[in-house]
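J.: I'd like to ask some things about the structure below.
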Amino acid sequence: MAEPFGVPAAQVLAELAAEDFLTLDETGGIQAAYPFFASPTEHVVQLADGPTVWSMCAIDALGIPVMLGTDAVITSTDAVTGEQIRVEFTNGHATWQPPTAVVYYGATPADGPAAAVCCGYLRFFASRATAEQWTGAHTDLTGAVLDQLEAERRGADIFGSLPNN
(Lines give C-alpha, C1' and ligand atoms only; values in the text may rest on other atoms or scores of the structure.)
Protein backbone atom coordinates (compact mmCIF):
# COMPACT_ATOMS: atom_id res chain seq x y z
CA MET A 1 0.00 0.00 0.00
CA ALA A 2 1.49 3.33 -1.08
CA GLU A 3 -0.77 5.52 1.05
CA PRO A 4 1.45 5.36 4.19
CA PHE A 5 4.03 7.16 2.05
CA GLY A 6 1.61 9.94 1.15
CA VAL A 7 0.74 8.72 -2.33
CA PRO A 8 -2.72 7.31 -3.04
CA ALA A 9 -2.61 3.79 -4.50
CA ALA A 10 -4.76 4.89 -7.44
CA GLN A 11 -2.14 7.51 -8.34
CA VAL A 12 0.66 4.94 -8.23
CA LEU A 13 -1.32 2.56 -10.45
CA ALA A 14 -2.12 5.37 -12.90
CA GLU A 15 1.57 6.30 -13.11
CA LEU A 16 2.58 2.67 -13.71
CA ALA A 17 -0.07 2.41 -16.44
CA ALA A 18 1.13 5.67 -18.02
CA GLU A 19 4.67 4.25 -18.13
CA ASP A 20 3.30 1.02 -19.70
CA PHE A 21 4.25 -1.35 -16.88
CA LEU A 22 0.66 -2.47 -16.47
CA THR A 23 -2.85 -1.89 -17.77
CA LEU A 24 -5.92 -0.92 -15.81
CA ASP A 25 -9.53 -1.90 -16.37
CA GLU A 26 -12.42 0.59 -16.48
CA THR A 27 -12.67 0.55 -12.65
CA GLY A 28 -8.97 1.33 -12.15
CA GLY A 29 -8.11 -2.25 -11.15
CA ILE A 30 -5.07 -4.03 -12.52
CA GLN A 31 -5.94 -5.83 -15.76
CA ALA A 32 -2.41 -6.81 -16.72
CA ALA A 33 1.09 -6.56 -15.35
CA TYR A 34 3.35 -7.59 -18.19
CA PRO A 35 3.72 -10.44 -19.00
CA PHE A 36 0.64 -11.57 -17.02
CA PHE A 37 -3.03 -10.91 -17.78
CA ALA A 38 -5.61 -11.09 -14.98
CA SER A 39 -8.29 -13.02 -16.88
CA PRO A 40 -8.28 -15.81 -19.48
CA THR A 41 -6.78 -15.12 -22.90
CA GLU A 42 -5.89 -17.38 -25.81
CA HIS A 43 -2.31 -17.61 -24.50
CA VAL A 44 -2.36 -20.04 -21.57
CA VAL A 45 0.75 -20.83 -19.53
CA GLN A 46 0.66 -23.80 -17.15
CA LEU A 47 3.56 -23.40 -14.75
CA ALA A 48 5.23 -26.60 -13.53
CA ASP A 49 3.89 -27.40 -10.08
CA GLY A 50 2.12 -24.06 -10.12
CA PRO A 51 -0.88 -22.14 -11.33
CA THR A 52 -2.23 -21.58 -14.79
CA VAL A 53 -1.65 -18.00 -15.91
CA TRP A 54 -2.49 -16.01 -19.04
CA SER A 55 -0.54 -13.57 -21.13
CA MET A 56 -1.56 -10.84 -23.53
CA CYS A 57 0.54 -12.15 -26.42
CA ALA A 58 2.83 -14.90 -27.68
CA ILE A 59 6.04 -13.08 -26.69
CA ASP A 60 4.75 -12.52 -23.15
CA ALA A 61 3.88 -16.22 -22.92
CA LEU A 62 7.37 -17.22 -24.11
CA GLY A 63 8.93 -14.87 -21.56
CA ILE A 64 7.10 -16.23 -18.52
CA PRO A 65 9.03 -19.53 -18.10
CA VAL A 66 12.34 -17.71 -18.59
CA MET A 67 11.42 -14.91 -16.20
CA LEU A 68 10.36 -17.36 -13.50
CA GLY A 69 13.09 -19.93 -14.22
CA THR A 70 10.55 -22.75 -14.36
CA ASP A 71 9.25 -25.43 -16.67
CA ALA A 72 5.92 -24.61 -18.29
CA VAL A 73 3.53 -25.56 -21.06
CA ILE A 74 2.16 -22.79 -23.27
CA THR A 75 -0.93 -23.38 -25.36
CA SER A 76 -2.46 -21.03 -27.90
CA THR A 77 -4.22 -21.24 -31.25
CA ASP A 78 -3.45 -20.33 -34.82
CA ALA A 79 -5.65 -17.32 -35.66
CA VAL A 80 -6.30 -18.64 -39.19
CA THR A 81 -6.86 -22.38 -38.72
CA GLY A 82 -7.70 -22.65 -35.02
CA GLU A 83 -5.00 -25.34 -34.73
CA GLN A 84 -3.52 -25.66 -31.25
CA ILE A 85 0.05 -24.50 -30.71
CA ARG A 86 1.93 -26.03 -27.79
CA VAL A 87 5.33 -24.95 -26.50
CA GLU A 88 6.77 -27.02 -23.68
CA PHE A 89 9.67 -25.60 -21.68
CA THR A 90 11.72 -28.26 -19.87
CA ASN A 91 15.02 -27.37 -18.21
CA GLY A 92 15.28 -24.21 -20.30
CA HIS A 93 14.69 -25.97 -23.62
CA ALA A 94 11.51 -25.41 -25.64
CA THR A 95 9.76 -28.01 -27.80
CA TRP A 96 7.14 -26.72 -30.21
CA GLN A 97 4.11 -28.49 -31.63
CA PRO A 98 3.52 -28.42 -34.44
CA PRO A 99 7.21 -28.33 -35.37
CA THR A 100 6.40 -25.74 -38.06
CA ALA A 101 4.93 -23.21 -35.58
CA VAL A 102 6.09 -19.58 -35.74
CA VAL A 103 5.26 -16.23 -34.14
CA TYR A 104 4.22 -13.06 -35.90
CA TYR A 105 5.85 -10.05 -34.23
CA GLY A 106 3.99 -6.95 -35.32
CA ALA A 107 2.48 -3.64 -34.34
CA THR A 108 0.19 -0.91 -35.60
CA PRO A 109 1.72 2.43 -36.58
CA ALA A 110 -0.14 4.17 -33.72
CA ASP A 111 1.45 5.45 -30.54
CA GLY A 112 0.33 4.14 -27.18
CA PRO A 113 0.80 1.37 -24.67
CA ALA A 114 1.99 -2.06 -25.80
CA ALA A 115 -1.43 -3.50 -24.93
CA ALA A 116 -3.01 -1.33 -27.62
CA VAL A 117 -0.23 -1.10 -30.19
CA CYS A 118 1.25 -4.59 -30.40
CA CYS A 119 -0.08 -7.19 -27.96
CA GLY A 120 -2.92 -8.24 -30.27
CA TYR A 121 -0.42 -8.71 -33.09
CA LEU A 122 2.18 -10.90 -31.39
CA ARG A 123 0.59 -14.23 -32.20
CA PHE A 124 1.37 -17.91 -32.60
CA PHE A 125 0.73 -19.61 -35.94
CA ALA A 126 0.99 -23.26 -36.93
CA SER A 127 3.13 -22.38 -39.95
CA ARG A 128 4.76 -19.52 -41.81
CA ALA A 129 2.05 -19.89 -44.46
CA THR A 130 -0.81 -19.21 -42.05
CA ALA A 131 1.11 -16.34 -40.45
CA GLU A 132 1.60 -14.79 -43.90
CA GLN A 133 -2.06 -15.39 -44.76
CA TRP A 134 -3.11 -13.58 -41.56
CA THR A 135 -0.70 -10.68 -42.09
CA GLY A 136 -1.91 -10.33 -45.67
CA ALA A 137 -5.35 -9.52 -44.25
CA HIS A 138 -3.83 -6.99 -41.81
CA THR A 139 -2.02 -4.62 -44.14
CA ASP A 140 -1.91 -1.85 -41.54
CA LEU A 141 0.64 -3.81 -39.47
CA THR A 142 4.40 -3.75 -39.66
CA GLY A 143 6.37 -6.71 -38.41
CA ALA A 144 7.93 -10.03 -39.24
CA VAL A 145 7.37 -13.73 -38.92
CA LEU A 146 9.81 -15.08 -36.33
CA ASP A 147 11.13 -18.61 -36.26
CA GLN A 148 10.95 -20.43 -32.95
CA LEU A 149 14.43 -19.55 -31.71
CA GLU A 150 14.02 -15.86 -32.51
CA ALA A 151 10.61 -15.77 -30.80
CA GLU A 152 12.05 -17.46 -27.71
CA ARG A 153 14.95 -14.98 -27.74
CA ARG A 154 12.57 -12.01 -27.89
CA GLY A 155 10.58 -13.32 -24.90
CA ALA A 156 13.78 -13.93 -22.93
CA ASP A 157 15.26 -10.55 -23.87
CA ILE A 158 12.16 -8.65 -22.82
CA PHE A 159 11.40 -10.48 -19.59
CA GLY A 160 14.78 -11.97 -18.61
CA SER A 161 14.92 -13.95 -15.44
CA LEU A 162 14.24 -13.01 -11.86
CA PRO A 163 17.14 -13.19 -9.42
CA ASN A 164 17.16 -16.37 -7.35
CA ASN A 165 17.07 -14.88 -3.87
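The way I read the labels, and the way they are meant: chains A, B, ... in the order of the C-alpha coordinates, residue 1 as the first residue of every chain, and ligand 1 as the first ligand shown, with later ones counted on from there.
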Using only C-alpha atoms, which protein or nucleic acid residues come within 9 Å of A:Arg86? Drop anything in the same chain fewer than 2 positions from it, and give the result as a list in words.

T.: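 So, after excluding close chain neighbours, the residues are Val73, Ile74, Thr75, Ser76, Thr77, Gln84, Glu88, Thr95, Trp96, Gln97, Pro98 and Ala101 of chain A.
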
J.: Output the selection as a short mmCIF file (atom, residue, chain, number, x, y, z; two decimals), in the first residue's frame - N, CA and C atoms for each residue.

T.:
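The file below, out31.cif, is the result:
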data_model
loop_
_atom_site.label_atom_id
_atom_site.label_comp_id
_atom_site.auth_asym_id
_atom_site.auth_seq_id
_atom_site.Cartn_x
_atom_site.Cartn_y
_atom_site.Cartn_z
N VAL A 73 4.14 -25.19 -19.78
CA VAL A 73 3.53 -25.56 -21.06
C VAL A 73 2.65 -24.39 -21.49
N ILE A 74 2.93 -23.88 -22.69
CA ILE A 74 2.16 -22.79 -23.27
C ILE A 74 1.24 -23.39 -24.31
N THR A 75 -0.02 -23.00 -24.29
CA THR A 75 -0.93 -23.38 -25.36
C THR A 75 -1.59 -22.12 -25.91
N SER A 76 -1.79 -22.12 -27.21
CA SER A 76 -2.46 -21.03 -27.90
C SER A 76 -3.07 -21.62 -29.17
N THR A 77 -3.63 -20.76 -30.01
CA THR A 77 -4.22 -21.24 -31.25
C THR A 77 -3.79 -20.38 -32.42
N GLN A 84 -4.19 -25.92 -32.52
CA GLN A 84 -3.52 -25.66 -31.25
C GLN A 84 -2.01 -25.61 -31.44
N GLU A 88 6.44 -26.45 -24.99
CA GLU A 88 6.77 -27.02 -23.68
C GLU A 88 8.20 -26.67 -23.32
N THR A 95 10.18 -27.11 -26.72
CA THR A 95 9.76 -28.01 -27.80
C THR A 95 8.42 -27.52 -28.30
N TRP A 96 8.34 -27.30 -29.60
CA TRP A 96 7.14 -26.72 -30.21
C TRP A 96 6.34 -27.77 -30.96
N GLN A 97 5.04 -27.67 -30.85
CA GLN A 97 4.11 -28.49 -31.63
C GLN A 97 3.04 -27.58 -32.19
N PRO A 98 2.80 -27.62 -33.47
CA PRO A 98 3.52 -28.42 -34.44
C PRO A 98 4.95 -27.89 -34.63
N ALA A 101 5.52 -24.40 -36.20
CA ALA A 101 4.93 -23.21 -35.58
C ALA A 101 5.91 -22.04 -35.59
#

J.: Restricting the calculation to only C-alpha atoms: of A:Thr52, A:Gln46, A:Thr90, A:Thr41, which residue gets closest to A:Arg123?

T.: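 Closest to A:Arg123 of all the choices is A:Thr41.
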
J.: Counting only C-alpha atoms, figure out which residue out of A:Pro40, A:Pro109, A:Gly29, A:Pro8 gets nearest to A:Thr142.

T.: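 For A:Thr142, the nearest of the candidates is A:Pro109.
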
J.: Using only C-alpha atoms, pick whichever of A:Ile158, A:Ala33, A:Val87, A:Ala79 has the shortest atom-to-atom distance to A:Ala129.

T.: A:Ala79
